[in-house]
Amino acid sequence: MGSITLKQVRKAFGEVEVIPGVDLEINHGEFVVFVGPSGCGKSTLLRLIAGLEDVSSGSILIDGQDVTQAAPARRKLAMVFQSYALYPHMSVRKNIAFPLKMAGMPADEQARRVEHAAGILNLTDYLERRPGQLSGGQRQRVAIGRAIVREPVAFLFDEPLSNLDAALRVNMRVEISELHKKLATTMVYVTHDQVEAMTMADKIVVLRAGRVEQVGSPLDLYRKPANRFVAGFIGSPNMNFLEGEAAAGHGAHAIGVRPEHFQMSKTEGQLAGTVGVAEHLGSDTFLHVQLDGGTHVIARAAGEFPVSHGDRIWLTPQEGRIYRFDQQGLAI
Amino acid sequence: MATRHQKSLARLMVAPSVLLLLGWMIVPLSMTLWFSFQSYNLLSPGMEQFIGFTNYKYFLSDPAFWTAMANTLMIVGGVLAITVIGGVVLALLLDQPIMGQGIVRILMIAPFFIMPTVSALVWKNMFMNPVNGLFAWMAKAVGAQPIDFLAQYPLMSIILIVAWQWLPFATLILLTALQSLDSEQMEAAEMDGAGAWSKFTHLVLPHLSRAITVVILIETIFLLSVFAEILVTTNGGPGYASTNLTFLVYSQALLQYDVGGASAGGIVAVILANIVAIFLMRMIGKTLE
Amino acid sequence: MARRVSDRRRWTFTILAWLVALAIFFPILWTILTSFKSEADAIASPPKFLFFDWTTENYAEVQARSPYFRHFTNSVVISIGSTLLGLLIAIPAAWSMAFQPGKRTKDLLMWMLSTKMMPAAGVLIPMYLLFRSSGLLDTRFGITFVLMLINLPIIIWMLYTYFREIPSEILEAARMDGASLKNEIVHVLTPMAVPGIASTMLLNVILAWNEAFWTLNLTTSKAAPLTTFIASYSSPEGLFYAKLSAASTMAIAPILILGWFSQKQLVRGLTFGAVK
């Protein structure tokens, strides 16, 4: 139930090949996140799974059944759009009931399911309102409610939190994760925000230019990135890369060190530099350092670390936390 | 996104309008072209003969034609001048903080919704009539001679009537464009020390230039075909003083029954309109993605 | 332009604007006032502005003596008829162009718009002759059909722009929710398109009502709408200004009222989107 398989799925828009060929396994109940920079094809891949776009070649299977030619309505999936895509002329109740109405469900059964979904999402007080009268977060929940009532085999989310403000985004992230625990249904989630990916996913699929760079659990990707792109994409702030002498010393074309893996000292260390901008958040300190060799790195210290612009600083990368990359950018 | 099945359905849905418009474009126009090469007079039907470009020769050597051409251009030019300049002024005025703005706007927009025959007759009888008209009364009140506008200045009178009808159109379009001007840009200019006139010439006018171009092009298309106002007031007279190309075609065909000659005139009108249309279509094309 | 405005500035502009507005509106106002005067008062010199004996006899006479009601009905039938006929043909076309655009859609749309720019003088003769020989001259059907043809480009264009504003994601959501094409159209697309269709109807009824070329040339009496009827009073017959004013007021009143509600539609429909 809820397993999705992509076999050599290719998508071209006219002459432009957006997805050259993807193989992917999504297991029942997994929370899978497609993540990558803009234009990497993650939304396209999601829409192929949904059936809103036709594949150029390859096949898509849901629970072992080939659905490549099936219309969206037949795939038993539900989708939550970035712009929520609520029906503006219908009340919240009618919005949520719409898929049930399309399925020809009897009215009392419809009402029961709508009430149930509204209860889960705290929408009971808003059932008679129109989308235009709701806030962004409430609209998002209505969109989710509309998806839940269908009891689909998998949920598809297309950057659902992008239109919300920062604080709301954090709350909704937690709500969606809790929803996943409660419903135990497969969820495929697209985002460009790697923080969302890391915090919500069981499995992350990193995409670039239509190709799968790496698939793995969040910590797998954090600890063992397959290449320089994944290493630099996962983790915030981004991993620092050093080439030249520093890299040669470790037998690689380039080495990477995450900001949190630097030991900072005002007196001694491996790499010397001058502090540029110092960001004191209280909980963390981020230093933008201009190393003497010319490279610019970011270093993080937990808690407070009193330095200011212009101070000299020494950074020492933790042993065992240095990533080595060859000339092609692959991890060594 | 569209499967093959959907594509043929889409074609089917567009077909009726395409066929109708295609027919509308081709059938009458080719008939006009055909007639223009014939000596066709409605008084002696069945005696048509192919005469090549004779009609065109006559038409283009007829002083009435050149008068009509000149009048057409003057009507278009005159109305454009009045409506564009007036439109900019009125748009600027309406953009100011005014009390009762809604009503002011309604009053200024009204003339566009009056049918041309009514507005022409109102102007003709109530204002321009040298005996009973209001203008006559105003002249007499200051001791001047009342002017018979329609007899002495027929073309100007037509221009005035048509301009009155189209001023709201220009105003509305320009006002819409004006209101899309970013107020922050104006504030930045003010911080940079720009006075009212500078702001107008450097910010407002360039922003409006596109809307003004649209107004000019669209009005021209419609103004080339001014008809009702002429029919109802001067009937093209005195002589041909207020006849434009459209009216000339009408009077030659339906009053003098010279279908052949009038058709040649019709083709000339089409050529003229096409020139303008090319520019307008280019402008519209830029806005369609 | 939001800023602190001095009261004096606001008053100056207000007075200026009101003066200009009243000057522009004056001919209409004068017509309405004259319609309530006796014929003698209508041509009185000095002209009487507000202080005369108001009477409604003109309205009564116009309706009694002339076939005014028939022409009014003709106007109604022709404007609404041509608009509805146009909608029937235009809605499928605009729908397909807006939601399933092909490579040629933009060109097709531009071509359709260009047909509106054909000068009437170029096709007057064949149309008149065709109508005469097929007995369509002075028939309601004939003129309705022609008015539909000349307004079709605008109807298609306006519907197209309104349909394009319907977010395609909402239609996709309906598809994901299991709606068949029919359901998608009936339950989601149509309710969202109704305001656009109503706006298009509004503008086109106005344009058809006021059309004064084909109505003047293709109708004479039986099917003549108000444009032709009023035009028939163009030769001076003296001492009838008040009645003419009454007839005119009745002819323009419906459209004046409709027009006041249709300003936005006017900009959208007649500038072909070149001005936002």
# chains A, B, ... in the order shown; residues from 1 in each chain; ligands from 1

call {"tool": "residues_around", "arguments": {"residues": "range 83-85 of chain A", "least_positions_apart": "3", "cutoff": "10 Å", "atoms": "only C-alpha atoms", "output": "list of chain:residue names"}}
result
A:Met79, A:Val80, A:Pro88, A:Pro131, A:Gly136, A:Arg139, A:Gln140, A:Arg141, A:Val142, A:Ala143, A:Ile144, A:Asp158, A:Glu159, A:Pro160, A:Leu161, A:Ser162, A:Asn163, C:Pro167, C:Ser168, C:Glu169, C:Ile170, C:Leu171, C:Glu172, C:Ala173, C:Ala174

call {"tool": "write_last_selection", "arguments": {"atoms": "N, CA and C atoms", "output": "compact mmCIF listing (two decimals), in the first residue's frame"}}
result
# COMPACT_ATOMS: atom_id res chain seq x y z
N MET A 79 -3.05 15.64 -3.84
CA MET A 79 -1.97 16.63 -3.98
C MET A 79 -2.30 17.92 -3.25
N VAL A 80 -1.28 18.46 -2.59
CA VAL A 80 -1.42 19.77 -1.96
C VAL A 80 -0.53 20.74 -2.72
N PRO A 88 -12.44 29.00 -4.93
CA PRO A 88 -12.80 30.25 -4.25
C PRO A 88 -14.29 30.44 -4.08
N PRO A 131 -12.61 30.53 1.18
CA PRO A 131 -11.14 30.67 1.24
C PRO A 131 -10.67 32.11 1.34
N GLY A 136 -3.36 32.52 5.49
CA GLY A 136 -2.54 31.59 4.71
C GLY A 136 -2.44 30.22 5.35
N ARG A 139 -5.72 28.35 5.08
CA ARG A 139 -5.95 27.85 3.72
C ARG A 139 -5.12 26.60 3.47
N GLN A 140 -3.90 26.62 3.98
CA GLN A 140 -3.04 25.47 3.80
C GLN A 140 -3.67 24.24 4.42
N ARG A 141 -4.25 24.43 5.61
CA ARG A 141 -4.87 23.29 6.28
C ARG A 141 -6.10 22.80 5.53
N VAL A 142 -6.84 23.71 4.93
CA VAL A 142 -7.99 23.27 4.13
C VAL A 142 -7.52 22.43 2.96
N ALA A 143 -6.40 22.88 2.33
CA ALA A 143 -5.87 22.11 1.21
C ALA A 143 -5.47 20.71 1.68
N ILE A 144 -4.86 20.65 2.86
CA ILE A 144 -4.47 19.35 3.40
C ILE A 144 -5.72 18.53 3.72
N ASP A 158 3.52 19.90 -3.06
CA ASP A 158 4.37 20.69 -3.95
C ASP A 158 4.71 22.02 -3.29
N GLU A 159 5.86 22.05 -2.60
CA GLU A 159 6.33 23.27 -1.92
C GLU A 159 5.20 23.95 -1.15
N PRO A 160 4.51 23.22 -0.27
CA PRO A 160 3.31 23.78 0.34
C PRO A 160 3.57 24.94 1.28
N LEU A 161 4.79 25.05 1.82
CA LEU A 161 5.01 26.08 2.82
C LEU A 161 5.68 27.34 2.27
N SER A 162 5.94 27.36 0.98
CA SER A 162 6.71 28.48 0.42
C SER A 162 6.01 29.82 0.56
N ASN A 163 4.67 29.81 0.57
CA ASN A 163 3.95 31.09 0.62
C ASN A 163 3.66 31.56 2.03
N PRO C 167 -6.68 30.40 -12.20
CA PRO C 167 -5.42 29.70 -11.98
C PRO C 167 -5.54 28.24 -12.43
N SER C 168 -4.60 27.81 -13.26
CA SER C 168 -4.70 26.45 -13.76
C SER C 168 -4.53 25.44 -12.64
N GLU C 169 -3.89 25.86 -11.54
CA GLU C 169 -3.70 24.92 -10.43
C GLU C 169 -5.03 24.48 -9.85
N ILE C 170 -6.02 25.39 -9.87
CA ILE C 170 -7.32 25.02 -9.31
C ILE C 170 -7.97 23.97 -10.19
N LEU C 171 -7.79 24.09 -11.50
CA LEU C 171 -8.35 23.07 -12.38
C LEU C 171 -7.62 21.75 -12.20
N GLU C 172 -6.29 21.84 -11.98
CA GLU C 172 -5.53 20.61 -11.73
C GLU C 172 -5.99 19.96 -10.45
N ALA C 173 -6.25 20.80 -9.44
CA ALA C 173 -6.73 20.25 -8.17
C ALA C 173 -8.04 19.50 -8.39
N ALA C 174 -8.90 20.06 -9.23
CA ALA C 174 -10.16 19.39 -9.51
C ALA C 174 -9.91 18.05 -10.18

call {"tool": "residues_around", "arguments": {"residues": "Val55 in chain A", "least_positions_apart": "5", "cutoff": "7 Å", "atoms": "only C-alpha atoms", "output": "PDB file with N, CA and C atoms, in the first residue's frame"}}
result
ATOM      1  N   VAL A   9      12.203   6.933 -15.802  1.00  0.00           N
ATOM      2  CA  VAL A   9      11.247   7.966 -16.170  1.00  0.00           C
ATOM      3  C   VAL A   9      11.969   9.143 -16.810  1.00  0.00           C
ATOM      4  N   ARG A  10      11.522   9.475 -18.008  1.00  0.00           N
ATOM      5  CA  ARG A  10      12.158  10.561 -18.758  1.00  0.00           C
ATOM      6  C   ARG A  10      11.098  11.585 -19.091  1.00  0.00           C
ATOM      7  N   LYS A  11      11.464  12.875 -19.067  1.00  0.00           N
ATOM      8  CA  LYS A  11      10.493  13.895 -19.449  1.00  0.00           C
ATOM      9  C   LYS A  11      11.182  14.967 -20.268  1.00  0.00           C
ATOM     10  N   LEU A  48       4.663  14.307 -12.579  1.00  0.00           N
ATOM     11  CA  LEU A  48       4.630  13.068 -13.361  1.00  0.00           C
ATOM     12  C   LEU A  48       3.995  11.963 -12.527  1.00  0.00           C
TER      13      LEU A  48
END

call {"tool": "residues_around", "arguments": {"residues": "Val131 in chain B", "least_positions_apart": "5", "cutoff": "10 Å", "atoms": "only C-alpha atoms", "output": "PyMOL selection string"}}
result
(chain B and resi 125-126+136-137+146-148) or (chain C and resi 43+45)

call {"tool": "residues_around", "arguments": {"residues": "range 118-123 of chain A", "least_positions_apart": "5", "cutoff": "9 Å", "atoms": "only C-alpha atoms", "output": "list of chain:residue names"}}
result
A:Val92, A:Arg93, A:Ile96, A:Arg113, A:Gln138, A:Arg141, A:Val142, A:Ile144, A:Gly145, A:Glu175, A:Leu179

call {"tool": "write_last_selection", "arguments": {"atoms": "N, CA and C atoms", "output": "PDB file, in the first residue's frame"}}
result
ATOM      1  N   VAL A  92     -15.412  26.214   2.903  1.00  0.00           N
ATOM      2  CA  VAL A  92     -14.393  25.258   3.322  1.00  0.00           C
ATOM      3  C   VAL A  92     -14.974  23.844   3.315  1.00  0.00           C
ATOM      4  N   ARG A  93     -16.168  23.747   3.818  1.00  0.00           N
ATOM      5  CA  ARG A  93     -16.825  22.424   3.877  1.00  0.00           C
ATOM      6  C   ARG A  93     -16.945  21.826   2.477  1.00  0.00           C
ATOM      7  N   ILE A  96     -13.564  20.745   0.991  1.00  0.00           N
ATOM      8  CA  ILE A  96     -13.060  19.474   1.501  1.00  0.00           C
ATOM      9  C   ILE A  96     -13.911  18.327   0.986  1.00  0.00           C
ATOM     10  N   ARG A 113     -16.886  12.323   6.968  1.00  0.00           N
ATOM     11  CA  ARG A 113     -15.452  12.409   6.686  1.00  0.00           C
ATOM     12  C   ARG A 113     -14.961  13.849   6.781  1.00  0.00           C
ATOM     13  N   GLN A 138      -4.469  28.824   7.513  1.00  0.00           N
ATOM     14  CA  GLN A 138      -5.759  28.134   7.498  1.00  0.00           C
ATOM     15  C   GLN A 138      -6.041  27.564   6.113  1.00  0.00           C
ATOM     16  N   ARG A 141      -4.246  24.432   5.607  1.00  0.00           N
ATOM     17  CA  ARG A 141      -4.866  23.293   6.280  1.00  0.00           C
ATOM     18  C   ARG A 141      -6.097  22.801   5.535  1.00  0.00           C
ATOM     19  N   VAL A 142      -6.836  23.705   4.925  1.00  0.00           N
ATOM     20  CA  VAL A 142      -7.994  23.275   4.129  1.00  0.00           C
ATOM     21  C   VAL A 142      -7.515  22.435   2.959  1.00  0.00           C
ATOM     22  N   ILE A 144      -4.865  20.648   2.861  1.00  0.00           N
ATOM     23  CA  ILE A 144      -4.470  19.348   3.398  1.00  0.00           C
ATOM     24  C   ILE A 144      -5.715  18.529   3.718  1.00  0.00           C
ATOM     25  N   GLY A 145      -6.723  19.199   4.280  1.00  0.00           N
ATOM     26  CA  GLY A 145      -7.962  18.491   4.601  1.00  0.00           C
ATOM     27  C   GLY A 145      -8.592  17.870   3.370  1.00  0.00           C
ATOM     28  N   GLU A 175       3.404  20.314  12.186  1.00  0.00           N
ATOM     29  CA  GLU A 175       2.069  19.751  12.016  1.00  0.00           C
ATOM     30  C   GLU A 175       2.042  18.681  10.943  1.00  0.00           C
ATOM     31  N   LEU A 179       1.153  14.802  11.346  1.00  0.00           N
ATOM     32  CA  LEU A 179       0.117  14.209  10.513  1.00  0.00           C
ATOM     33  C   LEU A 179       0.614  12.903   9.904  1.00  0.00           C
TER      34      LEU A 179
END

call {"tool": "residues_around", "arguments": {"residues": "range 16-19 of chain A", "least_positions_apart": "6", "cutoff": "12 Å", "atoms": "only C-alpha atoms", "output": "NGL selection string"}}
result
:A and (8-10 or 39-46 or 48 or 55-58 or 207-212)

call {"tool": "closest_atom_pairs", "arguments": {"of": "chain C", "to": "chain A", "cutoff": "12 Å", "atoms": "only C-alpha atoms", "output": "JSON lines"}}
result
{"residue": "C:Lys103", "atom": "CA", "partner": "A:Gly14", "partner_atom": "CA", "distance": 11.4}
{"residue": "C:Ile166", "atom": "CA", "partner": "A:Pro88", "partner_atom": "CA", "distance": 10.4}
{"residue": "C:Pro167", "atom": "CA", "partner": "A:Ala85", "partner_atom": "CA", "distance": 7.8}
{"residue": "C:Ser168", "atom": "CA", "partner": "A:Ala85", "partner_atom": "CA", "distance": 8.6}
{"residue": "C:Glu169", "atom": "CA", "partner": "A:Ala85", "partner_atom": "CA", "distance": 5.6}
{"residue": "C:Ile170", "atom": "CA", "partner": "A:Ala85", "partner_atom": "CA", "distance": 4.5}
{"residue": "C:Leu171", "atom": "CA", "partner": "A:Ala85", "partner_atom": "CA", "distance": 8.2}
{"residue": "C:Glu172", "atom": "CA", "partner": "A:Leu52", "partner_atom": "CA", "distance": 7.1}
{"residue": "C:Ala173", "atom": "CA", "partner": "A:Ala85", "partner_atom": "CA", "distance": 6.4}
{"residue": "C:Ala174", "atom": "CA", "partner": "A:Pro99", "partner_atom": "CA", "distance": 7.8}
{"residue": "C:Arg175", "atom": "CA", "partner": "A:Ala73", "partner_atom": "CA", "distance": 6.1}
{"residue": "C:Met176", "atom": "CA", "partner": "A:Ala73", "partner_atom": "CA", "distance": 5.1}
{"residue": "C:Asp177", "atom": "CA", "partner": "A:Pro99", "partner_atom": "CA", "distance": 4.5}
{"residue": "C:Gly178", "atom": "CA", "partner": "A:Ala73", "partner_atom": "CA", "distance": 4.2}
{"residue": "C:Ala179", "atom": "CA", "partner": "A:Met102", "partner_atom": "CA", "distance": 5.6}
{"residue": "C:Ser180", "atom": "CA", "partner": "A:Met102", "partner_atom": "CA", "distance": 8.2}
{"residue": "C:Leu181", "atom": "CA", "partner": "A:Ala73", "partner_atom": "CA", "distance": 10.9}
{"residue": "C:Lys182", "atom": "CA", "partner": "A:Met102", "partner_atom": "CA", "distance": 10.9}
{"residue": "C:Asn183", "atom": "CA", "partner": "A:Met102", "partner_atom": "CA", "distance": 7.8}
{"residue": "C:Glu184", "atom": "CA", "partner": "A:Met102", "partner_atom": "CA", "distance": 9.6}
{"residue": "C:Val186", "atom": "CA", "partner": "A:Met102", "partner_atom": "CA", "distance": 11.7}
{"residue": "C:His187", "atom": "CA", "partner": "A:Phe98", "partner_atom": "CA", "distance": 9.3}
{"residue": "C:Val188", "atom": "CA", "partner": "A:Tyr87", "partner_atom": "CA", "distance": 7.1}
{"residue": "C:Leu189", "atom": "CA", "partner": "A:Tyr87", "partner_atom": "CA", "distance": 9.6}
{"residue": "C:Thr190", "atom": "CA", "partner": "A:His89", "partner_atom": "CA", "distance": 10.4}
{"residue": "C:Pro191", "atom": "CA", "partner": "A:His89", "partner_atom": "CA", "distance": 7.0}
{"residue": "C:Met192", "atom": "CA", "partner": "A:His89", "partner_atom": "CA", "distance": 7.0}
{"residue": "C:Ala193", "atom": "CA", "partner": "A:His89", "partner_atom": "CA", "distance": 10.6}
{"residue": "C:Val194", "atom": "CA", "partner": "A:His89", "partner_atom": "CA", "distance": 10.8}
{"residue": "C:Pro195", "atom": "CA", "partner": "A:His89", "partner_atom": "CA", "distance": 11.3}
